[in-house]
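Shown next: run.cif, containing mmCIF, C-alpha atoms.
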```
data_query
#
loop_
_atom_site.label_atom_id
_atom_site.label_comp_id
_atom_site.auth_asym_id
_atom_site.auth_seq_id
_atom_site.Cartn_x
_atom_site.Cartn_y
_atom_site.Cartn_z
CA MET A 195 123.35 170.42 173.72
CA ILE A 196 120.77 173.25 173.71
CA ASP A 197 123.69 175.58 173.18
CA LEU A 198 124.77 173.62 170.12
CA LEU A 199 121.28 173.63 168.63
CA ASP A 200 121.04 177.39 169.19
CA PHE A 201 124.40 177.85 167.47
CA TRP A 202 123.22 175.81 164.50
CA ARG A 203 119.91 177.67 164.32
CA ASP A 204 121.70 181.01 164.34
CA SER A 205 124.12 180.00 161.59
CA VAL A 206 121.62 178.33 159.26
CA PRO A 207 120.60 181.55 157.42
CA GLN A 208 124.21 182.39 156.61
CA LEU A 209 124.91 178.81 155.47
CA LEU A 210 121.81 178.85 153.29
CA ASP A 211 123.06 182.06 151.66
CA GLY A 212 126.24 180.16 150.94
CA LEU A 213 124.32 177.18 149.61
CA GLU A 214 122.48 179.50 147.21
CA VAL A 215 125.82 180.71 145.82
CA THR A 216 127.01 177.09 145.60
CA LEU A 217 123.93 176.10 143.59
CA ARG A 218 124.17 179.19 141.41
CA ILE A 219 127.84 178.66 140.52
CA THR A 220 127.21 174.95 139.86
CA GLY A 221 124.27 175.84 137.59
CA VAL A 222 126.28 178.43 135.66
CA ALA A 223 129.27 176.08 135.31
CA LEU A 224 127.04 173.33 133.91
CA ALA A 225 125.00 175.66 131.68
CA LEU A 226 128.19 177.01 130.08
CA GLY A 227 130.27 173.84 130.37
CA ILE A 228 127.98 171.20 128.83
CA PRO A 229 127.47 173.08 125.51
CA LEU A 230 131.24 173.66 125.54
CA GLY A 231 131.68 169.93 126.12
CA LEU A 232 129.48 169.16 123.10
CA ALA A 233 131.47 171.59 120.96
CA LEU A 234 134.76 170.07 122.17
CA ALA A 235 133.50 166.52 121.59
CA LEU A 236 132.69 167.43 117.98
CA GLY A 237 135.93 169.43 117.76
CA VAL A 238 138.26 166.58 118.71
CA GLN A 239 136.63 164.42 116.02
CA SER A 240 136.95 167.10 113.38
CA PRO A 241 139.03 166.19 110.31
CA THR A 242 140.33 169.79 110.20
CA SER A 243 143.51 169.89 112.25
CA SER A 244 143.16 173.61 113.04
CA ILE A 245 139.98 172.71 114.96
CA ARG A 246 141.09 169.32 116.29
CA TYR A 247 144.36 170.32 117.98
CA PRO A 248 143.07 173.37 119.89
CA SER A 249 140.07 171.30 121.04
CA LEU A 250 142.39 168.53 122.23
CA ALA A 251 144.55 171.06 124.09
CA ILE A 252 141.54 172.58 125.87
CA VAL A 253 140.30 169.12 126.88
CA GLU A 254 143.67 167.81 128.04
CA ILE A 255 144.50 170.93 130.07
CA GLY A 256 141.02 171.04 131.60
CA ARG A 257 141.28 167.40 132.66
CA GLY A 258 144.97 167.34 133.50
CA ALA A 259 145.31 170.44 135.66
CA PRO A 260 143.61 170.52 139.08
CA ALA A 261 140.38 172.55 139.17
CA LEU A 262 141.88 174.54 142.04
CA ILE A 263 144.74 175.69 139.79
CA LEU A 264 142.30 176.66 137.02
CA LEU A 265 140.27 178.69 139.53
CA GLN A 266 143.35 180.51 140.77
CA PHE A 267 144.57 181.00 137.21
CA ALA A 268 141.29 182.74 136.34
CA TYR A 269 141.09 184.79 139.54
CA PHE A 270 144.71 185.66 140.37
CA GLY A 271 146.28 185.13 136.95
CA LEU A 272 144.04 186.88 134.42
CA PRO A 273 144.31 190.30 136.16
CA SER A 274 148.01 190.36 135.25
CA ALA A 275 146.92 190.00 131.62
CA GLY A 276 144.64 193.01 132.10
CA LEU A 277 141.41 191.07 132.65
CA SER A 278 140.09 191.43 136.19
CA LEU A 279 137.14 189.21 136.95
CA SER A 280 134.90 189.10 140.00
CA SER A 281 135.27 185.88 141.98
CA PHE A 282 131.92 184.66 140.61
CA ALA A 283 132.92 185.34 136.99
CA ALA A 284 136.34 183.75 137.51
CA ALA A 285 134.76 180.71 139.16
CA SER A 286 132.20 180.38 136.33
CA MET A 287 134.93 180.49 133.75
CA ALA A 288 137.25 178.02 135.45
CA LEU A 289 134.54 175.53 136.41
CA ALA A 290 132.96 175.80 132.94
CA TRP A 291 136.36 174.87 131.52
CA THR A 292 136.64 171.83 133.79
CA THR A 293 133.04 170.86 133.00
CA GLY A 294 133.61 171.27 129.27
CA ALA A 295 136.75 169.13 129.36
CA TYR A 296 135.21 166.28 131.35
CA THR A 297 131.78 166.31 129.67
CA SER A 298 133.40 166.33 126.22
CA GLU A 299 134.70 162.82 126.99
CA ILE A 300 131.25 161.71 128.20
CA ILE A 301 129.56 163.17 125.12
CA ARG A 302 132.20 161.72 122.81
CA ALA A 303 131.42 158.27 124.19
CA GLY A 304 127.73 159.04 123.56
CA LEU A 305 128.44 160.10 119.96
CA GLN A 306 130.39 156.90 119.34
CA ALA A 307 127.55 154.81 120.75
CA VAL A 308 125.11 156.04 118.10
CA PRO A 309 124.90 153.22 115.51
CA ARG A 310 126.71 153.85 112.21
CA GLY A 311 123.54 153.21 110.27
CA GLN A 312 122.01 156.39 111.68
CA ARG A 313 124.78 158.48 110.11
CA GLU A 314 124.51 156.61 106.81
CA ALA A 315 120.73 156.99 106.80
CA ALA A 316 121.07 160.74 107.39
CA VAL A 317 123.39 161.00 104.38
CA ALA A 318 121.11 158.75 102.34
CA VAL A 319 118.06 160.98 102.85
CA GLY A 320 120.15 163.91 101.63
CA MET A 321 120.81 165.71 104.91
CA THR A 322 123.81 167.98 105.10
CA HIS A 323 126.51 167.07 107.62
CA ILE A 324 125.31 169.77 110.04
CA ASP A 325 121.64 168.74 109.76
CA GLY A 326 122.58 165.11 110.27
CA LEU A 327 124.37 166.02 113.50
CA ARG A 328 121.66 168.39 114.66
CA PHE A 329 118.57 166.29 114.01
CA VAL A 330 119.86 162.71 114.08
CA ILE A 331 123.18 162.10 115.82
CA VAL A 332 123.44 164.67 118.65
CA PRO A 333 119.94 164.15 120.12
CA GLN A 334 120.59 160.40 120.39
CA ALA A 335 124.12 160.89 121.73
CA MET A 336 122.91 163.29 124.43
CA ARG A 337 120.27 160.78 125.52
CA ILE A 338 122.93 158.10 125.88
CA ALA A 339 125.21 160.51 127.74
CA ALA A 340 122.47 161.87 130.04
CA PRO A 341 122.99 159.59 133.09
CA ALA A 342 126.76 160.14 133.10
CA LEU A 343 126.23 163.89 132.69
CA LEU A 344 123.89 163.92 135.69
CA GLY A 345 126.50 162.01 137.70
CA PHE A 346 129.05 164.62 136.70
CA ALA A 347 126.70 167.41 137.80
CA VAL A 348 126.76 165.98 141.34
CA LEU A 349 130.58 165.96 141.26
CA MET A 350 130.54 169.57 140.05
CA LEU A 351 128.43 170.62 143.01
CA GLN A 352 131.13 169.19 145.25
CA ALA A 353 133.91 170.77 143.20
CA SER A 354 132.31 174.20 143.66
CA SER A 355 133.58 174.06 147.25
CA LEU A 356 137.04 174.75 145.80
CA CYS A 357 135.87 178.31 145.13
CA PHE A 358 136.67 178.85 148.81
CA ALA A 359 140.22 179.51 147.61
CA ILE A 360 139.17 182.53 145.55
CA ALA A 361 136.93 184.03 148.24
CA LEU A 362 133.60 183.25 146.60
CA PRO A 363 131.05 183.34 149.47
CA GLU A 364 129.74 179.80 148.86
CA LEU A 365 128.74 177.20 151.45
CA LEU A 366 132.21 176.21 152.66
CA SER A 367 133.43 179.83 152.79
CA GLN A 368 130.44 180.82 154.92
CA ALA A 369 131.05 177.90 157.27
CA TYR A 370 134.72 178.84 157.51
CA ILE A 371 133.87 182.50 158.27
CA ILE A 372 131.50 181.43 161.05
CA GLY A 373 134.18 179.07 162.34
CA THR A 374 136.81 181.82 162.43
CA ASN A 375 134.48 184.21 164.23
CA THR A 376 133.28 181.75 166.87
CA PHE A 377 136.16 179.24 167.02
CA ARG A 378 133.54 176.53 166.82
CA TYR A 379 134.88 174.90 163.66
CA MET A 380 133.71 171.37 164.38
CA PRO A 381 129.94 171.95 164.69
CA ILE A 382 129.73 174.43 161.81
CA LEU A 383 131.79 172.28 159.43
CA CYS A 384 129.67 169.26 160.36
CA LEU A 385 126.55 171.23 159.50
CA ALA A 386 128.06 172.34 156.18
CA GLY A 387 129.09 168.75 155.43
CA ALA A 388 125.57 167.59 156.26
CA LEU A 389 124.13 170.12 153.80
CA TYR A 390 126.42 168.83 151.03
CA ALA A 391 125.47 165.25 151.90
CA ALA A 392 121.76 166.15 152.03
CA ILE A 393 121.96 167.23 148.40
CA CYS A 394 124.53 164.82 147.00
CA ILE A 395 123.27 161.55 148.53
CA PRO A 396 119.69 161.79 147.19
CA ALA A 397 121.06 163.14 143.90
CA SER A 398 123.47 160.20 143.44
CA LEU A 399 120.72 157.72 144.38
CA ALA A 400 118.44 159.34 141.80
CA VAL A 401 121.15 159.20 139.14
CA ALA A 402 121.78 155.52 139.91
CA SER A 403 118.10 154.69 139.59
CA ILE A 404 117.78 156.62 136.31
CA GLU A 405 120.80 154.66 135.04
CA ARG A 406 119.15 151.35 135.99
CA GLU A 407 115.85 152.44 134.46
CA LEU A 408 117.47 153.40 131.16
CA SER A 409 119.66 150.32 130.91
CA ARG A 410 116.69 148.01 131.48
CA HIS A 411 115.25 148.47 128.02
CA THR A 412 118.46 148.20 126.04
CA ALA A 413 119.78 144.97 124.65
CA MET B 272 158.85 184.63 135.14
CA THR B 273 162.29 183.73 136.42
CA LEU B 274 163.94 180.35 136.62
CA ASP B 275 163.92 180.69 140.41
CA ALA B 276 160.12 180.82 140.38
CA VAL B 277 159.93 177.67 138.24
CA LEU B 278 162.32 175.91 140.61
CA LEU B 279 160.29 177.05 143.60
CA ILE B 280 157.14 175.55 142.06
CA ALA B 281 159.08 172.36 141.31
CA SER B 282 160.22 172.25 144.94
CA GLY B 283 156.59 171.49 145.82
CA ILE B 284 156.62 168.25 143.79
CA PRO B 285 157.95 166.01 146.64
CA LEU B 286 155.20 167.09 149.03
CA THR B 287 152.52 166.70 146.36
CA LEU B 288 153.75 163.16 145.71
CA ALA B 289 154.08 162.42 149.44
CA VAL B 290 150.53 163.54 150.24
CA THR B 291 149.15 161.66 147.22
CA ALA B 292 151.09 158.46 147.92
CA GLY B 293 150.33 158.59 151.66
CA ALA B 294 146.62 159.11 151.09
CA PHE B 295 146.54 156.40 148.43
CA ALA B 296 148.34 153.89 150.67
CA LEU B 297 146.01 154.66 153.57
CA GLY B 298 142.95 154.35 151.35
CA ALA B 299 144.15 151.19 149.58
CA VAL B 300 144.51 149.47 152.98
CA LEU B 301 141.31 150.84 154.59
CA GLY B 302 139.42 150.01 151.41
CA ILE B 303 139.93 146.27 151.94
CA PRO B 304 137.85 145.90 155.15
CA LEU B 305 135.34 148.39 153.75
CA CYS B 306 134.95 146.26 150.61
CA ALA B 307 134.66 143.12 152.76
CA LEU B 308 131.79 144.75 154.69
CA ARG B 309 130.22 145.94 151.45
CA VAL B 310 129.99 142.41 150.05
CA SER B 311 129.09 140.88 153.41
CA ARG B 312 126.01 138.64 153.54
CA SER B 313 124.86 140.27 156.78
CA SER B 314 122.48 143.04 155.75
CA THR B 315 123.40 145.22 158.75
CA LEU B 316 127.11 145.20 157.84
CA HIS B 317 126.29 145.66 154.17
CA LEU B 318 124.08 148.69 154.84
CA ALA B 319 126.63 150.17 157.24
CA ALA B 320 129.32 149.90 154.55
CA VAL B 321 127.04 151.40 151.89
CA ALA B 322 126.25 154.32 154.23
CA ILE B 323 129.92 154.93 155.05
CA ILE B 324 130.98 154.84 151.39
CA MET B 325 128.16 157.14 150.36
CA LEU B 326 128.88 159.64 153.14
CA LEU B 327 132.60 159.70 152.36
CA ARG B 328 131.93 160.31 148.68
CA SER B 329 129.12 162.88 149.04
CA ILE B 330 131.03 165.42 151.11
CA PRO B 331 133.61 167.39 149.12
CA PRO B 332 137.29 166.56 149.86
CA ILE B 333 138.05 170.09 151.03
CA VAL B 334 135.23 169.88 153.61
CA TRP B 335 136.73 166.63 154.98
CA LEU B 336 140.09 168.35 155.08
CA PHE B 337 138.73 171.29 157.07
CA LEU B 338 136.80 168.97 159.40
CA LEU B 339 140.00 167.12 160.26
CA TYR B 340 142.31 170.12 160.35
CA PHE B 341 140.18 172.88 161.88
CA GLY B 342 137.43 170.74 163.42
CA ILE B 343 139.44 168.07 165.21
CA GLY B 344 142.67 170.06 165.23
CA SER B 345 141.15 173.08 166.99
CA GLY B 346 140.22 171.36 170.22
CA PHE B 347 140.49 167.63 170.47
CA LEU B 348 143.85 166.73 169.09
CA ARG B 349 146.86 168.43 167.53
CA VAL B 350 146.78 167.65 163.82
CA GLY B 351 149.53 168.83 161.48
CA PRO B 352 148.58 170.01 157.98
CA VAL B 353 150.31 167.13 156.20
CA GLU B 354 148.72 164.51 158.48
CA ALA B 355 145.31 166.13 158.05
CA SER B 356 145.68 166.14 154.25
CA VAL B 357 146.78 162.50 154.12
CA ALA B 358 143.97 161.44 156.46
CA ALA B 359 141.23 163.42 154.68
CA LEU B 360 142.21 162.29 151.18
CA GLY B 361 142.89 158.79 152.54
CA LEU B 362 139.33 158.47 153.85
CA ILE B 363 137.86 159.42 150.48
CA THR B 364 140.31 157.06 148.76
CA ALA B 365 139.17 154.22 151.05
CA ALA B 366 135.56 154.64 149.88
CA ASN B 367 136.57 154.75 146.23
CA MET B 368 139.03 151.85 146.51
CA ALA B 369 136.36 149.75 148.23
CA GLU B 370 134.17 150.23 145.15
CA ILE B 371 137.09 149.49 142.81
CA TYR B 372 137.91 146.28 144.71
CA ARG B 373 134.26 145.29 144.60
CA GLY B 374 134.17 145.74 140.83
CA ALA B 375 137.34 143.65 140.50
CA LEU B 376 135.94 140.96 142.81
CA ARG B 377 132.90 140.69 140.56
CA GLY B 378 135.19 140.29 137.57
CA VAL B 379 136.82 137.16 138.99
CA HIS B 380 135.09 134.23 137.32
CA SER B 381 133.01 132.17 139.76
CA GLY B 382 134.74 129.03 138.45
CA GLN B 383 137.90 130.25 140.21
CA TRP B 384 136.11 130.12 143.56
CA GLU B 385 134.65 126.73 142.83
CA ALA B 386 137.91 125.26 141.55
CA SER B 387 139.90 126.46 144.54
CA THR B 388 137.26 125.08 146.91
CA ALA B 389 137.21 121.78 145.00
CA LEU B 390 140.99 121.58 145.39
CA GLY B 391 140.47 121.78 149.14
CA MET B 392 142.28 125.08 149.61
CA LYS B 393 141.90 126.78 152.98
CA PRO B 394 140.04 130.13 152.90
CA TRP B 395 143.21 132.17 153.51
CA ALA B 396 145.22 130.31 150.85
CA ARG B 397 142.30 130.67 148.47
CA PHE B 398 142.28 134.41 149.02
CA ARG B 399 146.06 134.86 148.89
CA ASP B 400 146.94 132.57 145.98
CA VAL B 401 143.86 132.65 143.79
CA LEU B 402 141.69 135.70 144.38
CA ALA B 403 144.08 138.46 145.47
CA PRO B 404 146.38 138.29 142.41
CA GLN B 405 143.42 138.43 140.06
CA ILE B 406 141.73 141.23 141.98
CA CYS B 407 144.93 143.27 141.93
CA ARG B 408 145.28 142.88 138.18
CA MET B 409 141.67 143.82 137.48
CA ALA B 410 141.74 146.75 139.89
CA LEU B 411 144.94 148.17 138.43
CA PRO B 412 143.60 150.39 135.61
CA SER B 413 140.86 152.04 137.69
CA SER B 414 143.21 152.42 140.66
CA VAL B 415 145.72 154.31 138.55
CA THR B 416 142.99 156.53 137.11
CA PHE B 417 141.92 157.26 140.66
CA PHE B 418 145.52 157.88 141.72
CA ILE B 419 145.95 160.52 139.01
CA GLY B 420 142.70 162.16 140.13
CA LEU B 421 143.99 162.09 143.70
CA LEU B 422 147.21 163.77 142.60
CA LYS B 423 145.14 166.69 141.36
CA ASP B 424 142.89 166.66 144.43
CA SER B 425 145.99 166.91 146.62
CA ALA B 426 146.19 170.56 145.52
CA ILE B 427 143.57 171.32 148.19
CA ALA B 428 146.27 170.73 150.81
CA SER B 429 147.62 174.16 149.81
CA THR B 430 144.60 175.77 151.52
CA ILE B 431 145.85 174.64 154.94
CA GLY B 432 149.47 175.52 154.26
CA VAL B 433 151.09 172.30 153.02
CA GLY B 434 153.99 173.51 150.86
CA GLU B 435 153.15 171.52 147.74
CA ILE B 436 152.91 172.68 144.11
CA ALA B 437 149.70 174.73 144.39
CA PHE B 438 150.92 176.36 147.61
CA GLN B 439 154.22 177.43 146.06
CA ALA B 440 152.38 178.79 143.01
CA ASN B 441 150.08 180.76 145.26
CA TYR B 442 153.02 182.12 147.25
CA ILE B 443 154.88 183.29 144.14
CA SER B 444 151.80 184.81 142.54
CA ARG B 445 151.07 186.85 145.67
CA ARG B 446 154.64 188.13 145.75
CA THR B 447 155.24 188.86 142.08
CA PHE B 448 151.71 189.48 140.71
CA GLU B 449 152.57 187.24 137.76
CA GLY B 450 149.69 184.86 138.38
CA LEU B 451 149.16 184.06 134.72
CA GLU B 452 152.49 182.37 134.08
CA VAL B 453 152.80 180.99 137.60
CA PHE B 454 149.52 179.07 137.58
CA ALA B 455 150.03 178.00 133.97
CA VAL B 456 153.39 176.46 134.96
CA ALA B 457 151.85 174.85 138.06
CA GLY B 458 149.06 173.31 135.96
CA LEU B 459 151.64 172.06 133.47
CA VAL B 460 153.67 170.45 136.28
CA TYR B 461 150.60 168.45 137.37
CA ILE B 462 150.01 167.32 133.79
CA LEU B 463 153.69 166.39 133.35
CA ILE B 464 153.64 164.29 136.52
CA SER B 465 150.53 162.38 135.54
CA LEU B 466 151.73 161.51 132.02
CA PRO B 467 154.46 158.99 133.04
CA ILE B 468 152.15 157.46 135.67
CA ALA B 469 149.50 156.81 133.04
CA ALA B 470 152.09 155.43 130.63
CA MET B 471 153.53 153.11 133.27
CA SER B 472 150.09 151.83 134.14
CA ARG B 473 149.26 151.02 130.52
CA GLN B 474 152.53 149.13 130.14
CA LEU B 475 152.09 147.21 133.40
CA ASP B 476 148.51 146.38 132.49
CA SER B 477 149.41 144.97 129.09
CA ARG B 478 152.27 142.96 130.62
CA LEU B 479 149.95 141.49 133.26
CA ARG B 480 147.38 140.75 130.59
CA GLU B 481 149.92 138.71 128.59
CA ARG B 482 150.57 136.47 131.57
CA VAL B 483 147.01 135.35 132.10
CA ALA B 484 144.63 133.52 129.85
CA GLN B 485 141.36 135.39 129.50
#
```
Please re-express this file's structure in structure tokens.
Amino acid sequence: MIDLLDFWRDSVPQLLDGLEVTLRITGVALALGIPLGLALALGVQSPTSSIRYPSLAIVEIGRGAPALILLQFAYFGLPSAGLSLSSFAAASMALAWTTGAYTSEIIRAGLQAVPRGQREAAVAVGMTHIDGLRFVIVPQAMRIAAPALLGFAVLMLQASSLCFAIALPELLSQAYIIGTNTFRYMPILCLAGALYAAICIPASLAVASIERELSRHTA
Amino acid sequence: MTLDAVLLIASGIPLTLAVTAGAFALGAVLGIPLCALRVSRSSTLHLAAVAIIMLLRSIPPIVWLFLLYFGIGSGFLRVGPVEASVAALGLITAANMAEIYRGALRGVHSGQWEASTALGMKPWARFRDVLAPQICRMALPSSVTFFIGLLKDSAIASTIGVGEIAFQANYISRRTFEGLEVFAVAGLVYILISLPIAAMSRQLDSRLRERVAQ
């Protein structure tokens, strides 16, 4: 028992290094992916088919192909097209793509939930289409989409564990390295799992309570 | 990229489907008692179920997979890669199916309970003839959505050497250094498999909808 606690204490710094990478890659994926999602959500509604079809393709591929395949495509595939990325850059790109594809659907639902009258009013006061989106429609849509986007952020934190496959030194990779060196897979993977749970459980509870709070004042 | 490479990727399809179907079947069955605990009136059982579901869903699938394959498999019990993949994904499926069943259970009108009780039906008959068919119908769309998600999640089995689509793609890309086409084809294969499943589900759903009065 003491032995186990010692083992855990010794491995905590390395796991925390991994956790930092996990949080960083999740943050980057969301920071790049959510604006992309907004652009794609507007893109798939565009009346111009040269914007609509490429947007649809990006969304459908990002949602239809496994995130693991996208990660490997970016890391192992792009070098053969002459673009070599570090594992962090490849992971950012692939996870931003996944994030963009999934959040575009969330944001699209948010855009559709903004009452028609808002759009008409924006036109009636003489706003251009862009100004109407920027000052009237998008801010309201993002507010509606916020709880679902937060829920997705928690899922993204979990999905970042897939970066193990492209040798990004995140939480799971660090746990696996310790496991390979010591052959004590069970205790180290339990500790890594506990770290994921320690972040994701409070985060999902918080998201659920925000959702309840926001839905209380709507008709 | 040669035709052989495409065929090799396609040769992973049966294992992808087997892992997905196995995990889904396991989860669909385990989800029933978990849902029963979740809606139990006893607060101890209810809290236990909530804790189990939350724990299963908050730890990433690949961590569950490693826990079962390397953790349990390295000392306590011999676990094959396919069994570990089915078990790990099955556990997560159980938590998600329990929530799907619960949503469906809520959707069954309370009059159905009351009417079947008023008719003097025994609890088992009430469940089998009145509730279960309605729950199945209501749970169908979200179950299929989850199934398609699971199909994509099954790609993680490649990390422990299950020879499914992602594994074959990885193998070819390491050998030929043509990662770009190889992973593009692999991604396309996943999309092509999920399209007919989604179409079938929509058709089945609309046919079931016709048969019941809303």
Note to self: Distance limit 9 Å, atoms considered: only C-alpha atoms. Which chain B residues sit that close to chain A? Return them as a PyMOL selection string.
What the structure shows: chain B and resi 325-326+328-335+337-339+341-343+345-346+419-420+422-427+430+437+440-441+444-445+448-455+457-463+465
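Going from CA of Gln474 (chain B) to CA of Phe417 (chain B) covers 17.0 Å.
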Excluding region 306-313 of chain B and its own-chain neighbours fewer than 2 positions away, which residues fall within 12 Å of it when counting only C-alpha atoms? Please give them as a PDB file with C-alpha atoms, in the frame of the given file.
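Generated file (out.pdb):
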```
ATOM      1  CA  GLY B 298     142.950 154.350 151.350  1.00  0.00           C
ATOM      2  CA  ALA B 299     144.150 151.190 149.580  1.00  0.00           C
ATOM      3  CA  VAL B 300     144.510 149.470 152.980  1.00  0.00           C
ATOM      4  CA  LEU B 301     141.310 150.840 154.590  1.00  0.00           C
ATOM      5  CA  GLY B 302     139.420 150.010 151.410  1.00  0.00           C
ATOM      6  CA  ILE B 303     139.930 146.270 151.940  1.00  0.00           C
ATOM      7  CA  PRO B 304     137.850 145.900 155.150  1.00  0.00           C
ATOM      8  CA  THR B 315     123.400 145.220 158.750  1.00  0.00           C
ATOM      9  CA  LEU B 316     127.110 145.200 157.840  1.00  0.00           C
ATOM     10  CA  HIS B 317     126.290 145.660 154.170  1.00  0.00           C
ATOM     11  CA  LEU B 318     124.080 148.690 154.840  1.00  0.00           C
ATOM     12  CA  ALA B 319     126.630 150.170 157.240  1.00  0.00           C
ATOM     13  CA  ALA B 320     129.320 149.900 154.550  1.00  0.00           C
ATOM     14  CA  VAL B 321     127.040 151.400 151.890  1.00  0.00           C
ATOM     15  CA  ALA B 322     126.250 154.320 154.230  1.00  0.00           C
ATOM     16  CA  ILE B 323     129.920 154.930 155.050  1.00  0.00           C
ATOM     17  CA  ILE B 324     130.980 154.840 151.390  1.00  0.00           C
ATOM     18  CA  MET B 325     128.160 157.140 150.360  1.00  0.00           C
ATOM     19  CA  ALA B 365     139.170 154.220 151.050  1.00  0.00           C
ATOM     20  CA  ALA B 366     135.560 154.640 149.880  1.00  0.00           C
ATOM     21  CA  ASN B 367     136.570 154.750 146.230  1.00  0.00           C
ATOM     22  CA  MET B 368     139.030 151.850 146.510  1.00  0.00           C
ATOM     23  CA  ALA B 369     136.360 149.750 148.230  1.00  0.00           C
ATOM     24  CA  GLU B 370     134.170 150.230 145.150  1.00  0.00           C
ATOM     25  CA  ILE B 371     137.090 149.490 142.810  1.00  0.00           C
ATOM     26  CA  TYR B 372     137.910 146.280 144.710  1.00  0.00           C
ATOM     27  CA  ARG B 373     134.260 145.290 144.600  1.00  0.00           C
ATOM     28  CA  GLY B 374     134.170 145.740 140.830  1.00  0.00           C
ATOM     29  CA  ALA B 375     137.340 143.650 140.500  1.00  0.00           C
ATOM     30  CA  LEU B 376     135.940 140.960 142.810  1.00  0.00           C
ATOM     31  CA  ARG B 377     132.900 140.690 140.560  1.00  0.00           C
TER      32      ARG B 377
END
```
Checklist line | Neighbours of point (126.1, 175.9, 141.6) within 12 Å, using all atoms listed in the file, written as a PyMOL selection string | finding: chain A and resi 212-226+282+285-286+289-290+347-357+362-365+390+393
Tell me which residues come within 9 Å of (147.1, 175.4, 156.3), as a PDB file with C-alpha atoms, in the frame of the given file, counting all atoms listed in the file in the file's coordinates.
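So the final result, stored in point.pdb, reads:
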```
ATOM      1  CA  TYR B 340     142.310 170.120 160.350  1.00  0.00           C
ATOM      2  CA  GLY B 351     149.530 168.830 161.480  1.00  0.00           C
ATOM      3  CA  PRO B 352     148.580 170.010 157.980  1.00  0.00           C
ATOM      4  CA  VAL B 353     150.310 167.130 156.200  1.00  0.00           C
ATOM      5  CA  ALA B 428     146.270 170.730 150.810  1.00  0.00           C
ATOM      6  CA  SER B 429     147.620 174.160 149.810  1.00  0.00           C
ATOM      7  CA  THR B 430     144.600 175.770 151.520  1.00  0.00           C
ATOM      8  CA  ILE B 431     145.850 174.640 154.940  1.00  0.00           C
ATOM      9  CA  GLY B 432     149.470 175.520 154.260  1.00  0.00           C
ATOM     10  CA  VAL B 433     151.090 172.300 153.020  1.00  0.00           C
ATOM     11  CA  GLY B 434     153.990 173.510 150.860  1.00  0.00           C
TER      12      GLY B 434
END
```
Next item on the list: Tell me, in Å to one decimal, how far CA of Ala315 (chain A) is from CA of Val330 (chain A).
Entry: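 Computing the Euclidean distance for CA of Ala315 (chain A) and CA of Val330 (chain A) yields 9.3 Å.
Relative to CA of Asp476 (chain B), CA of Ile338 (chain A) is found at 28.9 Å.
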Check: Which residues match the PyMOL selection byres ((chain B and resi 380) around 12) in the file above, as a PyMOL selection string?
Finding: chain B and resi 375-379+381-387+401-402+405-406+409+485
